[in-house]
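**Student:** Provided herewith: start.pdb, PDB, C-alpha atoms and all ligand atoms.
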```pdb
ATOM      1  CA  MET A   1       8.134 -72.075-121.850
ATOM      2  CA  VAL A   2      10.586 -69.231-121.416
ATOM      3  CA  ARG A   3      10.537 -67.059-124.496
ATOM      4  CA  ILE A   4      12.231 -63.709-124.891
ATOM      5  CA  THR A   5      11.239 -62.085-128.117
ATOM      6  CA  GLY A   6      13.200 -59.434-129.926
ATOM      7  CA  MET A   7      12.136 -57.659-133.090
ATOM      8  CA  THR A   8      12.861 -60.662-135.309
ATOM      9  CA  VAL A   9      13.994 -63.532-133.077
ATOM     10  CA  SER A  10      12.339 -65.615-130.356
ATOM     11  CA  TRP A  11      15.183 -66.474-127.993
ATOM     12  CA  THR A  12      13.916 -69.906-126.933
ATOM     13  CA  ARG A  13      15.897 -72.640-125.192
ATOM     14  CA  HIS A  14      16.674 -74.218-128.563
ATOM     15  CA  ARG A  15      18.880 -71.202-129.365
ATOM     16  CA  PHE A  16      21.056 -72.170-126.382
ATOM     17  CA  GLN A  17      22.286 -75.628-127.321
ATOM     18  CA  GLY A  18      25.977 -74.787-127.576
ATOM     19  CA  GLY A  19      26.672 -75.930-124.010
ATOM     20  CA  VAL A  20      28.405 -72.671-123.071
ATOM     21  CA  LEU A  21      27.600 -69.008-123.621
ATOM     22  CA  ALA A  22      30.386 -68.416-126.139
ATOM     23  CA  LEU A  23      29.119 -71.198-128.414
ATOM     24  CA  ASP A  24      25.513 -70.038-128.107
ATOM     25  CA  ALA A  25      26.786 -66.704-129.403
ATOM     26  CA  ALA A  26      28.748 -68.383-132.212
ATOM     27  CA  ASN A  27      25.525 -70.158-133.165
ATOM     28  CA  THR A  28      23.641 -66.922-133.726
ATOM     29  CA  VAL A  29      24.906 -67.360-137.273
ATOM     30  CA  VAL A  30      22.768 -70.159-138.697
ATOM     31  CA  LEU A  31      23.961 -72.609-141.355
ATOM     32  CA  ARG A  32      27.509 -71.337-141.524
ATOM     33  CA  GLY A  33      29.195 -72.412-144.731
ATOM     34  CA  ASP A  34      25.949 -72.459-146.688
ATOM     35  CA  ALA A  35      26.303 -69.203-148.601
ATOM     36  CA  ALA A  36      22.799 -69.350-150.040
ATOM     37  CA  ARG A  37      20.951 -69.892-146.770
ATOM     38  CA  THR A  38      23.094 -68.644-143.904
ATOM     39  CA  PHE A  39      21.752 -65.768-141.827
ATOM     40  CA  ASP A  40      22.793 -63.772-138.782
ATOM     41  CA  ARG A  41      20.466 -63.325-135.803
ATOM     42  CA  PHE A  42      22.524 -60.299-134.734
ATOM     43  CA  GLU A  43      21.968 -58.565-138.060
ATOM     44  CA  ASP A  44      19.859 -56.168-136.006
ATOM     45  CA  PRO A  45      22.258 -55.282-133.141
ATOM     46  CA  LEU A  46      19.304 -54.703-130.805
ATOM     47  CA  GLU A  47      18.919 -58.502-130.745
ATOM     48  CA  ILE A  48      22.187 -58.641-128.767
ATOM     49  CA  ALA A  49      20.334 -57.232-125.751
ATOM     50  CA  CYS A  50      17.561 -59.839-126.122
ATOM     51  CA  PHE A  51      20.145 -62.608-126.479
ATOM     52  CA  ALA A  52      21.857 -61.379-123.302
ATOM     53  CA  GLU A  53      18.570 -61.323-121.397
ATOM     54  CA  ALA A  54      17.743 -64.882-122.463
ATOM     55  CA  ALA A  55      21.302 -66.121-121.872
ATOM     56  CA  SER A  56      21.146 -64.766-118.311
ATOM     57  CA  LEU A  57      18.405 -67.362-117.734
ATOM     58  CA  PHE A  58      19.510 -70.273-119.910
ATOM     59  CA  ARG A  59      23.176 -69.970-118.921
ATOM     60  CA  ALA A  60      22.607 -69.136-115.254
ATOM     61  CA  ASP A  61      24.591 -72.219-114.176
ATOM     62  CA  GLU A  62      27.664 -71.290-116.187
ATOM     63  CA  LEU A  63      27.387 -67.645-115.157
ATOM     64  CA  GLY A  64      27.040 -68.448-111.457
ATOM     65  CA  GLY A  65      23.781 -66.514-111.520
ATOM     66  CA  ARG A  66      25.393 -63.320-112.759
ATOM     67  CA  ARG A  67      23.233 -61.439-115.235
ATOM     68  CA  LEU A  68      24.535 -60.065-118.503
ATOM     69  CA  ALA A  69      24.360 -56.351-119.180
ATOM     70  CA  VAL A  70      24.292 -54.597-122.523
ATOM     71  CA  ALA A  71      24.514 -50.870-121.946
ATOM     72  CA  ASP A  72      24.296 -49.944-125.623
ATOM     73  CA  PRO A  73      23.774 -52.726-128.197
ATOM     74  CA  LEU A  74      24.918 -50.559-131.101
ATOM     75  CA  ALA A  75      28.154 -49.630-129.320
ATOM     76  CA  SER A  76      28.751 -53.228-128.176
ATOM     77  CA  ALA A  77      28.046 -54.873-131.519
ATOM     78  CA  PRO A  78      31.496 -54.605-133.173
ATOM     79  CA  LEU A  79      33.300 -56.237-130.231
ATOM     80  CA  VAL A  80      30.561 -58.823-129.646
ATOM     81  CA  LEU A  81      30.766 -59.830-133.301
ATOM     82  CA  SER A  82      34.561 -59.873-133.180
ATOM     83  CA  ILE A  83      34.594 -62.242-130.179
ATOM     84  CA  ARG A  84      31.860 -64.337-131.792
ATOM     85  CA  GLU A  85      33.625 -64.723-135.131
ATOM     86  CA  THR A  86      37.112 -65.367-133.773
ATOM     87  CA  THR A  87      35.657 -67.912-131.320
ATOM     88  CA  ASP A  88      33.825 -69.735-134.084
ATOM     89  CA  ARG A  89      36.837 -69.803-136.388
ATOM     90  CA  LEU A  90      39.279 -71.043-133.738
ATOM     91  CA  PHE A  91      37.111 -73.804-132.318
ATOM     92  CA  ARG A  92      35.449 -74.892-135.568
ATOM     93  CA  ASN A  93      38.910 -75.392-137.036
ATOM     94  CA  ALA A  94      39.935 -77.175-133.833
ATOM     95  CA  VAL A  95      37.111 -79.700-134.321
ATOM     96  CA  HIS A  96      38.408 -80.439-137.796
ATOM     97  CA  ALA A  97      41.995 -80.613-136.490
ATOM     98  CA  GLY A  98      41.214 -83.164-133.772
ATOM     99  CA  GLY A  99      41.295 -80.555-130.990
ATOM    100  CA  GLY A 100      44.425 -78.729-132.144
ATOM    101  CA  LEU A 101      44.500 -74.938-132.148
ATOM    102  CA  ALA A 102      45.873 -73.002-135.118
ATOM    103  CA  ALA A 103      48.290 -70.271-134.057
ATOM    104  CA  ALA A 104      46.913 -68.045-136.821
ATOM    105  CA  ASP A 105      43.426 -68.325-135.299
ATOM    106  CA  MET A 106      44.630 -67.829-131.729
ATOM    107  CA  THR A 107      46.047 -64.330-132.182
ATOM    108  CA  PRO A 108      42.818 -62.585-133.269
ATOM    109  CA  PHE A 109      40.835 -64.682-130.784
ATOM    110  CA  LEU A 110      42.999 -63.634-127.837
ATOM    111  CA  ARG A 111      42.979 -59.993-128.945
ATOM    112  CA  ALA A 112      39.175 -59.985-129.127
ATOM    113  CA  CYS A 113      38.922 -61.686-125.734
ATOM    114  CA  ALA A 114      41.351 -59.182-124.213
ATOM    115  CA  ASP A 115      39.193 -56.334-125.499
ATOM    116  CA  GLY A 116      36.124 -58.080-124.069
ATOM    117  CA  LEU A 117      37.677 -58.477-120.634
ATOM    118  CA  ALA A 118      38.643 -54.811-120.659
ATOM    119  CA  CYS A 119      34.893 -54.039-120.500
ATOM    120  CA  ALA A 120      34.664 -55.331-116.936
ATOM    121  CA  ASP A 121      36.609 -54.673-113.769
ATOM    122  CA  THR A 122      35.937 -57.984-112.080
ATOM    123  CA  LEU A 123      37.440 -61.147-110.645
ATOM    124  CA  VAL A 124      36.576 -64.236-112.657
ATOM    125  CA  GLY A 125      37.075 -67.915-111.913
ATOM    126  CA  ALA A 126      36.639 -67.795-108.134
ATOM    127  CA  PRO A 127      34.857 -70.825-106.606
ATOM    128  CA  GLY A 128      31.093 -70.255-106.798
ATOM    129  CA  ARG A 129      31.666 -66.993-108.638
ATOM    130  CA  PRO A 130      32.912 -68.059-112.072
ATOM    131  CA  PHE A 131      31.994 -64.743-113.692
ATOM    132  CA  GLY A 132      32.388 -62.527-110.631
ATOM    133  CA  ASP A 133      29.985 -61.122-108.058
ATOM    134  CA  ALA A 134      26.417 -62.183-108.917
ATOM    135  CA  ASP A 135      24.950 -59.150-107.163
ATOM    136  CA  THR A 136      25.809 -56.911-110.099
ATOM    137  CA  PRO A 137      25.517 -57.543-113.844
ATOM    138  CA  VAL A 138      28.580 -58.155-116.010
ATOM    139  CA  ALA A 139      29.155 -56.651-119.458
ATOM    140  CA  VAL A 140      28.201 -59.130-122.169
ATOM    141  CA  GLU A 141      31.569 -58.631-123.914
ATOM    142  CA  ALA A 142      33.477 -59.670-120.778
ATOM    143  CA  ALA A 143      31.201 -62.667-120.224
ATOM    144  CA  LEU A 144      31.609 -63.833-123.816
ATOM    145  CA  ALA A 145      35.378 -63.587-123.486
ATOM    146  CA  THR A 146      35.425 -65.468-120.170
ATOM    147  CA  SER A 147      33.240 -68.220-121.601
ATOM    148  CA  ALA A 148      35.248 -68.473-124.826
ATOM    149  CA  LEU A 149      38.557 -68.689-122.946
ATOM    150  CA  SER A 150      37.171 -71.563-120.858
ATOM    151  CA  LEU A 151      36.980 -73.611-124.068
ATOM    152  CA  LEU A 152      40.769 -73.649-124.280
ATOM    153  CA  ALA A 153      40.835 -76.203-121.450
ATOM    154  CA  HIS A 154      41.779 -79.593-122.877
ATOM    155  CA  ASP A 155      38.785 -81.457-121.464
ATOM    156  CA  ARG A 156      36.416 -78.994-123.119
ATOM    157  CA  ARG A 157      38.231 -78.663-126.421
ATOM    158  CA  THR A 158      38.177 -82.397-127.010
ATOM    159  CA  ARG A 159      34.398 -82.440-126.517
ATOM    160  CA  LEU A 160      33.631 -79.830-129.145
ATOM    161  CA  LYS A 161      31.534 -80.957-132.084
ATOM    162  CA  VAL A 162      29.750 -79.585-135.145
ATOM    163  CA  CYS A 163      26.072 -80.535-135.498
ATOM    164  CA  ARG A 164      25.594 -82.724-138.535
ATOM    165  CA  ASN A 165      22.360 -81.021-139.429
ATOM    166  CA  CYS A 166      22.724 -77.295-138.776
ATOM    167  CA  ASN A 167      26.491 -76.827-138.480
ATOM    168  CA  TRP A 168      26.253 -75.332-134.989
ATOM    169  CA  LEU A 169      29.167 -75.818-132.611
ATOM    170  CA  PHE A 170      28.318 -77.587-129.358
ATOM    171  CA  LEU A 171      29.977 -79.112-126.322
ATOM    172  CA  ASP A 172      29.177 -82.808-126.068
ATOM    173  CA  ARG A 173      28.782 -83.553-122.366
ATOM    174  CA  SER A 174      27.323 -87.024-122.892
ATOM    175  CA  ARG A 175      29.109 -89.754-120.938
ATOM    176  CA  ASN A 176      30.408 -91.580-123.997
ATOM    177  CA  GLY A 177      30.824 -88.488-126.173
ATOM    178  CA  SER A 178      28.522 -89.844-128.879
ATOM    179  CA  ARG A 179      26.199 -86.934-129.605
ATOM    180  CA  LEU A 180      25.760 -86.095-133.292
ATOM    181  CA  TRP A 181      23.213 -83.286-132.983
ATOM    182  CA  CYS A 182      23.151 -79.958-131.149
ATOM    183  CA  ASP A 183      19.551 -80.690-130.194
ATOM    184  CA  MET A 184      18.130 -84.180-130.639
ATOM    185  CA  ALA A 185      14.564 -82.878-130.518
ATOM    186  CA  VAL A 186      15.167 -80.554-133.470
ATOM    187  CA  CYS A 187      18.163 -81.538-135.576
ATOM    188  CA  GLY A 188      18.147 -85.248-134.736
ATOM    189  CA  ASN A 189      14.513 -85.679-135.623
ATOM    190  CA  ARG A 190      14.769 -83.637-138.782
ATOM    191  CA  ARG A 191      17.658 -85.704-140.026
ATOM    192  CA  LYS A 192      15.850 -88.913-139.201
ATOM    193  CA  ALA A 193      12.836 -87.635-141.127
ATOM    194  CA  SER A 194      14.964 -86.661-144.096
ATOM    195  CA  ARG A 195      16.595 -90.117-144.117
ATOM    196  CA  HIS A 196      13.117 -91.610-144.108
ATOM    197  CA  TYR A 197      12.339 -89.655-147.271
ATOM    198  CA  ARG A 198      15.748 -90.187-148.767
ATOM    199  CA  ARG A 199      14.456 -90.025-152.295
ATOM    200  CA  ARG A 200      13.952 -86.350-151.662
ATOM    201  CA  LYS A 201      16.941 -84.059-151.717
ATOM    202  CA  ALA A 202      18.409 -84.334-148.219
ATOM    203  CA  ALA A 203      19.185 -80.701-147.585
ATOM    204  CA  PRO A 204      19.830 -79.561-144.000
ATOM    205  CA  GLU A 205      16.812 -78.106-142.294
ATOM    206  CA  VAL A 206      16.912 -74.479-141.228
ATOM    207  CA  HIS A 207      16.004 -73.667-137.662
ATOM    208  CA  ASP A 208      12.950 -71.479-137.521
ATOM    209  CA  ALA A 209      13.972 -67.854-137.275
TER     210      ALA A 209
HETATM  211 ZN    ZN B 301      21.844 -78.706-134.972
END
```
For the structure just supplied, provide its representation as structure tokens.
**Tutor:**
Amino acid sequence: MVRITGMTVSWTRHRFQGGVLALDAANTVVLRGDAARTFDRFEDPLEIACFAEAASLFRADELGGRRLAVADPLASAPLVLSIRETTDRLFRNAVHAGGGLAAADMTPFLRACADGLACADTLVGAPGRPFGDADTPVAVEAALATSALSLLAHDRRTRLKVCRNCNWLFLDRSRNGSRLWCDMAVCGNRRKASRHYRRRKAAPEVHDA
């Protein structure tokens, strides 16, 4: 099993269930909306470099094989977090609004994405080279922005969902669009188990840190 381990986080495949890079990043905040139990895997900014290393593998298809570069995690952190948070707000609200995008959420999202793209002098979206030339790495900020902007496409936006167990955002690529969980093997099974013991308090399970 591929496992890239930072100081506090093992960046396993389960951490990459969002369907696209930008949602994997949004999901580095666990249990959003649960004030008592939420936590941030980027609390230590050095984890951003480990995330980028793991995402280069787990998101190789989306990235067209281009690797992500983080020159200085501490310097990158404010913009990475800005793209992450504006992405989560825009698309989480879109899920609740049936795919509609709130103008008030779009402005900060587009500003953050513009700042992210400014970190890379590259050509994105070319056939076979969705994130630019795979021979050189691309700045993680630019890749996050490119991935997040791809979610604006109607056929992606209408497939966005929120996991019923852990509150992660994910892209449902199933044929009939019927997925309920970000990861059946983790969230699906935990919810089934908690239904089985329904006399117990059915609190959402936290992913292992
Ligand atoms: Zn989940």
**Student:** Which of these residues is nearest to ligand ZN 301 (chain B), using all atoms listed in the file: A:Asp88, A:Asn167, A:Leu160, A:Ala185?
**Tutor:**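 For ligand ZN 301 (chain B), the nearest of the candidates is A:Asn167.
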**Student:** Within 6 Å of ligand ZN 301 (chain B) (counting all atoms listed in the file), which residues show up? I'd like them as a PyMOL selection string.
**Tutor:** chain A and resi 163+165-166+168+181-183+187
**Student:** Have a look at A:Asp155, A:Asp72, A:Glu47, A:Asp121 and name the one nearest to Ala143 (chain A); count all atoms listed in the file.
**Tutor:**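 Smallest separation from Ala143 (chain A) among the options: A:Asp121.
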**Student:** Could you check how far CA of Phe109 (chain A) sits from CA of Arg157 (chain A), in Å to one decimal?
**Tutor:**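 Between these atoms lies a distance of 14.9 Å.
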**Student:** Using only C-alpha atoms for the distances, tell me which of A:Gly18, A:Ala71, A:Ala97, A:Gly128 is nearest to Arg173 (chain A).
**Tutor:** A:Gly18
**Student:** May I have the centre and edge lengths, in Å to one decimal, of an axis-aligned box around the listed atoms of region 33-50 of chain A with 6 Å added to every side, as JSON?
**Tutor:**
```
{"center_x": 23.4, "center_y": -63.6, "center_z": -137.9, "size_x": 23.6, "size_y": 29.8, "size_z": 36.3}
```
**Student:** So which residues touch Cys119 (chain A) within 9 Å, counting all atoms listed in the file, skipping near sequence neighbours fewer than 6 positions away, as number ranges by chain?
**Tutor:** A: 138-142
**Student:** Tell me, in Å to one decimal, how far CA of Leu46 (chain A) is from CA of Arg84 (chain A).
**Tutor:**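 Atom-to-atom, CA of Leu46 (chain A) to CA of Arg84 (chain A), that is 15.9 Å.
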**Student:** When distances are computed from all atoms listed in the file, which of A:Ala69, A:Val124, A:Val20, A:Cys50 shows the smallest separation from Arg156 (chain A)?
**Tutor:** A:Val20
**Student:** Hey, which of A:Thr12, A:Ser56, A:Thr87, A:Ser76 ends up closest to Leu151 (chain A)? Count all atoms listed in the file.
**Tutor:**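 So, comparing all the options, the nearest one is A:Thr87.
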**Student:** Kindly resolve the PyMOL selection byres (((chain A and resi 21-35) around 8) and not hetatm) on the present coordinates and return the residues as a ChimeraX atom specification.
**Tutor:** /A:15-20,36-42,55,59,62,84-85,87-88,144-145,147-148,166-170,206-207
